[in-house]
$ cat work03.cif   # mmCIF, C-alpha atoms and all ligand atoms
data_run
loop_
_atom_site.label_atom_id
_atom_site.label_comp_id
_atom_site.auth_asym_id
_atom_site.auth_seq_id
_atom_site.Cartn_x
_atom_site.Cartn_y
_atom_site.Cartn_z
CA MET A 1 17.34 66.38 -42.26
CA SER A 2 18.10 62.94 -40.99
CA GLN A 3 21.72 62.44 -39.99
CA PHE A 4 21.53 58.77 -40.98
CA PRO A 5 19.72 58.95 -44.32
CA GLY A 6 19.46 55.20 -44.87
CA VAL A 7 18.00 54.42 -41.46
CA GLN A 8 15.11 51.99 -41.47
CA PHE A 9 13.26 49.54 -39.27
CA LEU A 10 14.60 46.07 -40.04
CA THR A 11 12.88 43.42 -37.94
CA SER A 12 11.59 42.46 -34.51
CA ALA A 13 12.98 39.32 -32.88
CA SER A 14 11.41 37.25 -30.13
CA ALA A 15 13.99 34.46 -30.42
CA PRO A 16 17.67 34.31 -31.46
CA ALA A 17 16.70 32.50 -34.67
CA GLN A 18 15.04 35.75 -35.75
CA PHE A 19 18.16 37.87 -35.29
CA PRO A 20 19.61 39.22 -38.55
CA PRO A 21 22.69 37.32 -39.81
CA ASP A 22 25.74 37.73 -37.58
CA GLN A 23 27.60 40.06 -39.92
CA GLY A 24 28.66 43.68 -39.89
CA TRP A 25 28.27 45.81 -36.75
CA GLU A 26 25.70 45.98 -34.01
CA MET A 27 25.03 48.37 -31.13
CA ALA A 28 22.48 47.62 -28.40
CA VAL A 29 20.47 50.40 -26.78
CA ALA A 30 19.14 49.54 -23.33
CA GLY A 31 17.48 51.31 -20.43
CA ARG A 32 14.89 51.04 -17.71
CA SER A 33 11.26 51.24 -18.77
CA ASN A 34 10.26 54.87 -19.16
CA SER A 35 13.90 56.03 -19.18
CA GLY A 36 13.28 57.84 -22.47
CA LYS A 37 14.98 55.15 -24.56
CA SER A 38 12.55 55.31 -27.50
CA SER A 39 12.73 59.10 -27.60
CA ALA A 40 16.53 58.91 -27.45
CA ILE A 41 16.72 56.44 -30.35
CA ASN A 42 14.40 58.58 -32.44
CA ALA A 43 16.43 61.73 -31.69
CA LEU A 44 19.74 59.97 -32.32
CA LEU A 45 18.67 58.56 -35.65
CA GLY A 46 16.78 61.71 -36.62
CA ARG A 47 13.42 60.03 -37.13
CA HIS A 48 10.28 60.91 -35.24
CA ALA A 49 8.44 57.65 -34.79
CA LEU A 50 10.97 54.98 -35.64
CA ALA A 51 11.24 53.46 -32.16
CA ARG A 52 7.81 53.23 -30.59
CA THR A 53 7.32 53.94 -26.93
CA SER A 54 7.24 51.07 -24.49
CA ARG A 55 3.51 51.49 -24.15
CA THR A 56 2.92 50.19 -27.67
CA PRO A 57 1.24 46.81 -27.06
CA GLY A 58 3.14 43.75 -28.15
CA ARG A 59 6.46 45.44 -28.83
CA THR A 60 7.80 45.65 -25.32
CA GLN A 61 9.46 42.22 -25.10
CA LEU A 62 10.78 42.23 -28.64
CA TYR A 63 14.27 43.10 -29.74
CA ASN A 64 13.70 45.74 -32.39
CA TYR A 65 16.35 46.06 -35.06
CA PHE A 66 17.08 49.18 -37.08
CA GLU A 67 19.57 49.47 -39.91
CA VAL A 68 21.63 52.61 -39.34
CA SER A 69 23.72 52.23 -42.49
CA PRO A 70 24.33 49.22 -44.71
CA GLY A 71 25.63 46.38 -42.52
CA SER A 72 25.31 48.40 -39.29
CA ARG A 73 22.43 47.89 -36.90
CA LEU A 74 21.00 49.34 -33.72
CA VAL A 75 19.05 46.88 -31.57
CA ASP A 76 16.53 48.32 -29.14
CA LEU A 77 16.37 46.00 -26.09
CA PRO A 78 13.26 45.58 -23.92
CA GLY A 79 13.04 48.15 -21.13
CA TYR A 80 13.99 46.68 -17.76
CA GLY A 81 13.03 47.26 -14.16
CA HIS A 82 9.34 48.00 -14.43
CA ALA A 83 7.67 46.85 -11.21
CA SER A 84 4.62 45.48 -12.96
CA VAL A 85 6.62 43.50 -15.50
CA PRO A 86 8.85 41.09 -13.56
CA GLY A 87 9.58 39.23 -16.79
CA ALA A 88 11.24 42.29 -18.26
CA ILE A 89 14.49 41.60 -16.47
CA ARG A 90 14.51 37.97 -17.52
CA ALA A 91 13.73 39.07 -21.04
CA THR A 92 16.73 41.38 -20.97
CA TRP A 93 19.23 38.98 -19.40
CA GLY A 94 17.90 35.56 -20.42
CA PRO A 95 19.24 33.16 -23.06
CA MET A 96 18.14 35.52 -25.80
CA ALA A 97 20.27 38.31 -24.40
CA ASP A 98 23.26 36.01 -24.13
CA ALA A 99 22.74 34.93 -27.72
CA LEU A 100 22.83 38.61 -28.67
CA ARG A 101 25.87 39.45 -26.61
CA THR A 102 27.98 36.63 -27.97
CA ARG A 103 27.46 37.55 -31.61
CA GLU A 104 30.60 38.51 -33.53
CA CYS A 105 28.91 41.69 -34.71
CA PHE A 106 27.94 42.89 -31.20
CA ALA A 107 30.27 45.83 -30.74
CA ALA A 108 28.83 48.59 -28.58
CA VAL A 109 26.15 49.53 -26.10
CA MET A 110 24.35 52.73 -25.19
CA VAL A 111 22.38 52.83 -21.95
CA VAL A 112 19.66 55.41 -21.39
CA VAL A 113 19.36 56.59 -17.78
CA ASP A 114 16.79 59.11 -16.56
CA ILE A 115 18.94 61.90 -15.14
CA ARG A 116 16.63 62.32 -12.14
CA ARG A 117 17.12 58.67 -11.15
CA GLY A 118 20.83 58.51 -11.82
CA VAL A 119 22.83 55.38 -12.57
CA GLY A 120 21.29 52.48 -10.64
CA ASP A 121 22.14 48.87 -9.91
CA LEU A 122 20.15 47.58 -12.87
CA ASP A 123 21.99 49.95 -15.21
CA LEU A 124 25.34 48.81 -13.82
CA ALA A 125 24.25 45.16 -14.12
CA LEU A 126 23.38 45.74 -17.75
CA ILE A 127 26.74 47.38 -18.43
CA GLU A 128 28.48 44.47 -16.71
CA TRP A 129 26.41 41.98 -18.70
CA ALA A 130 27.27 43.67 -21.99
CA ALA A 131 30.97 43.52 -21.06
CA ARG A 132 32.08 45.76 -23.90
CA ASP A 133 35.19 47.87 -23.97
CA PRO A 134 34.50 50.99 -21.81
CA SER A 135 35.29 53.09 -24.88
CA ARG A 136 32.34 51.37 -26.62
CA THR A 137 29.95 51.75 -23.68
CA HIS A 138 28.13 55.05 -23.33
CA VAL A 139 25.40 56.35 -21.05
CA LEU A 140 22.90 59.01 -22.12
CA LEU A 141 21.60 60.90 -19.09
CA SER A 142 18.17 61.51 -20.55
CA LYS A 143 15.54 64.18 -19.89
CA ALA A 144 18.31 66.61 -18.90
CA ASP A 145 15.83 69.44 -19.57
CA LYS A 146 13.96 68.38 -16.44
CA LEU A 147 16.76 69.64 -14.18
CA PRO A 148 18.16 73.16 -13.82
CA ARG A 149 21.61 73.47 -15.39
CA GLY A 150 23.51 73.32 -12.10
CA GLN A 151 21.74 70.18 -10.93
CA ALA A 152 22.25 68.57 -14.33
CA GLY A 153 25.97 69.26 -14.01
CA THR A 154 26.03 67.67 -10.56
CA ALA A 155 24.15 64.63 -11.88
CA LEU A 156 26.66 64.34 -14.73
CA ARG A 157 29.59 64.37 -12.30
CA GLU A 158 27.92 61.78 -10.07
CA ALA A 159 27.18 59.51 -13.03
CA GLY A 160 30.76 59.93 -14.23
CA ALA A 161 32.01 58.77 -10.84
CA ALA A 162 29.62 55.79 -10.75
CA LEU A 163 30.67 54.78 -14.26
CA GLU A 164 34.40 55.35 -13.92
CA GLY A 165 36.30 52.71 -15.88
CA LEU A 166 33.04 51.21 -17.16
CA ALA A 167 31.49 53.71 -19.53
CA THR A 168 31.48 57.29 -20.69
CA CYS A 169 28.42 59.49 -20.14
CA GLN A 170 26.82 62.72 -21.28
CA LEU A 171 23.76 64.92 -20.81
CA PHE A 172 20.94 64.23 -23.25
CA SER A 173 17.49 65.64 -23.94
CA ALA A 174 15.41 64.30 -26.80
CA HIS A 175 12.91 67.11 -26.26
CA LYS A 176 15.40 70.00 -26.25
CA GLY A 177 18.05 68.46 -28.47
CA THR A 178 20.72 68.70 -25.78
CA GLY A 179 23.61 66.34 -26.46
CA VAL A 180 22.05 64.85 -29.59
CA GLU A 181 24.97 65.96 -31.79
CA GLU A 182 27.48 64.65 -29.25
CA ALA A 183 25.79 61.21 -29.18
CA ARG A 184 25.50 61.11 -32.97
CA GLY A 185 29.16 62.04 -33.25
CA LEU A 186 30.10 59.09 -31.05
CA LEU A 187 27.91 56.70 -33.04
CA LYS A 188 29.49 57.95 -36.28
CA LYS A 189 32.98 57.52 -34.82
CA TRP A 190 32.16 53.94 -33.80
CA LEU A 191 30.73 53.23 -37.24
CA ALA A 192 33.81 54.68 -38.96
CA GLU A 193 36.10 52.59 -36.74
CA SER A 194 34.11 49.44 -37.49
CA THR A 195 34.54 49.84 -41.24
CA LYS A 196 38.32 50.33 -40.87
CA LYS A 197 38.80 46.93 -39.21
P1 LIG A 201 10.95 54.46 -22.98
O1 LIG A 201 9.82 53.82 -22.28
O2 LIG A 201 12.22 54.29 -22.21
O3 LIG A 201 11.10 54.07 -24.43
O4 LIG A 201 10.72 56.03 -22.92
P2 LIG A 201 9.92 57.03 -23.86
O5 LIG A 201 10.81 57.55 -24.92
O6 LIG A 201 8.63 56.41 -24.25
O7 LIG A 201 9.70 58.24 -22.83
C1 LIG A 201 9.10 58.03 -21.57
C2 LIG A 201 8.50 59.34 -21.10
O8 LIG A 201 9.55 60.29 -20.91
C3 LIG A 201 7.53 59.97 -22.10
O9 LIG A 201 6.50 60.59 -21.38
C4 LIG A 201 8.39 61.00 -22.81
O10 LIG A 201 7.66 62.09 -23.31
C5 LIG A 201 9.33 61.44 -21.70
N1 LIG A 201 10.61 61.90 -22.25
C6 LIG A 201 11.43 61.22 -23.09
N2 LIG A 201 12.51 61.98 -23.42
C7 LIG A 201 12.35 63.16 -22.79
C8 LIG A 201 13.14 64.37 -22.73
O11 LIG A 201 14.19 64.54 -23.36
N3 LIG A 201 12.65 65.37 -21.92
C9 LIG A 201 11.50 65.23 -21.21
N4 LIG A 201 11.13 66.27 -20.45
N5 LIG A 201 10.73 64.14 -21.25
C10 LIG A 201 11.16 63.10 -22.02
#

$ encode --input "work03.cif" --output "structure tokens"
Amino acid sequence: MSQFPGVQFLTSASAPAQFPPDQGWEMAVAGRSNSGKSSAINALLGRHALARTSRTPGRTQLYNYFEVSPGSRLVDLPGYGHASVPGAIRATWGPMADALRTRECFAAVMVVVDIRRGVGDLDLALIEWAARDPSRTHVLLSKADKLPRGQAGTALREAGAALEGLATCQLFSAHKGTGVEEARGLLKKWLAESTKK
């Protein structure tokens, strides 16, 4: 069963004017192209085909909004760093991104990093750009099933060192379900905190 029963696709935005009203709570999910971001969002929200893969034509440069619970949204940012799409970086850090980041409701960020690549400069730049409280910045080391357990543990320690003071991190596999409960638990904690304010 879905862990977020009310979850639904809300809207796609190609300009700040199309963002939902600046109310409630918003979390951005970002990651390099092909990092497993769409799979991670689908696993996190417990829906199979909610976030489409980056190969879906026409959706790659859009900011895709999902309602997680009433007044709380997840916004799926365009994948960055793909060699054949130089505009992807501009699309992620341009005026539209700044409009997103400066919204009152913008509260948290999750960054999806392919565990075999590790945390890279673009991921760190994104975390710096988002400039959220480190306790509201979390990295999912995706596709953890692709590494043997020992190597995954090493990658987790290395990512933890690279992210020290900037973000928390965890192992994650959308395919095997590894870490899905842990990530959902964090999202639920953030949501609960946001309603207490
Ligand atoms: P996006 O481009 O970042 O949205 O990534 P996708 O979710 O479309 O995934 C990119 C590729 O990685 C696809 O071929 C997925 O099947 C694969 N992938 C995503 N998550 C996992 C995972 O947990 N394990 C493995 N082995 N492959 C994954």

$ closest_atom_pairs --input "work03.cif" --of "chain A" --to "ligand LIG 201 (chain A)" --cutoff "10 Å" --atoms "only C-alpha atoms and all ligand atoms" --output "Markdown table"
| residue | atom | partner | partner_atom | distance |
| --- | --- | --- | --- | --- |
| A:Ala30 | CA | A:LIG201 | O2 | 8.5 |
| A:Gly31 | CA | A:LIG201 | O2 | 6.3 |
| A:Arg32 | CA | A:LIG201 | O2 | 6.2 |
| A:Ser33 | CA | A:LIG201 | O1 | 4.6 |
| A:Asn34 | CA | A:LIG201 | O1 | 3.3 |
| A:Ser35 | CA | A:LIG201 | O2 | 3.9 |
| A:Gly36 | CA | A:LIG201 | O4 | 3.2 |
| A:Lys37 | CA | A:LIG201 | O2 | 3.7 |
| A:Ser38 | CA | A:LIG201 | O3 | 3.6 |
| A:Ser39 | CA | A:LIG201 | O5 | 3.6 |
| A:Ala40 | CA | A:LIG201 | O5 | 6.4 |
| A:Ile41 | CA | A:LIG201 | O5 | 8.1 |
| A:Asn42 | CA | A:LIG201 | O5 | 8.4 |
| A:Ala43 | CA | A:LIG201 | O11 | 9.1 |
| A:Ala51 | CA | A:LIG201 | O3 | 7.8 |
| A:Arg52 | CA | A:LIG201 | O3 | 7.0 |
| A:Thr53 | CA | A:LIG201 | O6 | 3.9 |
| A:Ser54 | CA | A:LIG201 | O1 | 4.4 |
| A:Arg55 | CA | A:LIG201 | O1 | 7.0 |
| A:Thr56 | CA | A:LIG201 | O6 | 9.1 |
| A:Thr60 | CA | A:LIG201 | O1 | 8.9 |
| A:Asp76 | CA | A:LIG201 | O3 | 9.2 |
| A:Leu77 | CA | A:LIG201 | O3 | 9.8 |
| A:Pro78 | CA | A:LIG201 | O3 | 8.8 |
| A:Gly79 | CA | A:LIG201 | O2 | 6.3 |
| A:Tyr80 | CA | A:LIG201 | O2 | 9.0 |
| A:His82 | CA | A:LIG201 | O1 | 9.8 |
| A:Val112 | CA | A:LIG201 | O2 | 7.6 |
| A:Val113 | CA | A:LIG201 | O2 | 8.7 |
| A:Asp114 | CA | A:LIG201 | O8 | 8.5 |
| A:Ile115 | CA | A:LIG201 | O11 | 9.9 |
| A:Leu141 | CA | A:LIG201 | O11 | 9.3 |
| A:Ser142 | CA | A:LIG201 | O11 | 5.7 |
| A:Lys143 | CA | A:LIG201 | C8 | 3.7 |
| A:Ala144 | CA | A:LIG201 | O11 | 6.4 |
| A:Asp145 | CA | A:LIG201 | N3 | 5.7 |
| A:Lys146 | CA | A:LIG201 | N4 | 5.3 |
| A:Leu147 | CA | A:LIG201 | N4 | 9.1 |
| A:Leu171 | CA | A:LIG201 | O11 | 9.9 |
| A:Phe172 | CA | A:LIG201 | O11 | 6.8 |
| A:Ser173 | CA | A:LIG201 | O11 | 3.5 |
| A:Ala174 | CA | A:LIG201 | O11 | 3.7 |
| A:His175 | CA | A:LIG201 | O11 | 4.1 |
| A:Lys176 | CA | A:LIG201 | O11 | 6.3 |
| A:Gly177 | CA | A:LIG201 | O11 | 7.5 |
| A:Thr178 | CA | A:LIG201 | O11 | 8.1 |

$ closest_residue --input "work03.cif" --among "A:Leu45, A:Ala28, A:Leu62, A:Val7" --to "A:Ala130" --atoms "only C-alpha atoms"
A:Ala28

$ axis_aligned_box --input "work03.cif" --around "stretch 29-43 of chain A" --padding-each-side "3 Å" --output "JSON"
{"center_x": 15.4, "center_y": 55.6, "center_z": -25.1, "size_x": 16.2, "size_y": 18.2, "size_z": 20.7}

$ residues_around --input "work03.cif" --residues "A:Leu191" --least-positions-apart "2" --cutoff "12 Å" --atoms "all atoms listed in the file" --output "MDAnalysis selection string"
chainID A and resid 4 24:27 68:74 105 107:108 136 184:189 193:197

$ closest_residue --input "work03.cif" --among "A:Leu140, A:Ala99, A:Ala162, A:Leu156" --to "A:Val180" --atoms "only C-alpha atoms"
A:Leu140

$ atom_distance --input "work03.cif" --atom1 "atom CA of A:Ser14" --atom2 "atom CA of A:Arg47"
23.9 Å

$ closest_residue --input "work03.cif" --among "A:Ala183, A:Ala13, A:Ala161, A:Leu100" --to "A:Gln61" --atoms "only C-alpha atoms"
A:Ala13

$ atom_distance --input "work03.cif" --atom1 "atom CA of A:Leu122" --atom2 "atom CA of A:Ala152"
21.1 Å

$ atom_distance --input "work03.cif" --atom1 "atom CA of A:Ala159" --atom2 "atom CA of A:Asp98"
26.3 Å

$ closest_residue --input "work03.cif" --among "A:Gln23, A:Gly46, A:Pro95, A:Tyr65" --to "A:Thr11" --atoms "all atoms listed in the file"
A:Tyr65

$ closest_residue --input "work03.cif" --among "A:Glu67, A:Leu166, A:Gly153, A:Leu44" --to "A:Ala125" --atoms "only C-alpha atoms"
A:Leu166

$ closest_residue --input "work03.cif" --among "A:Glu104, A:Asp22, A:Glu164, A:Glu181" --to "A:Leu124" --atoms "only C-alpha atoms"
A:Glu164

$ residues_around --input "work03.cif" --residues "A:Ala15" --least-positions-apart "4" --cutoff "9 Å" --atoms "all atoms listed in the file" --output "list in words"
Phe19, Leu62, Tyr63 and Met96 of chain A
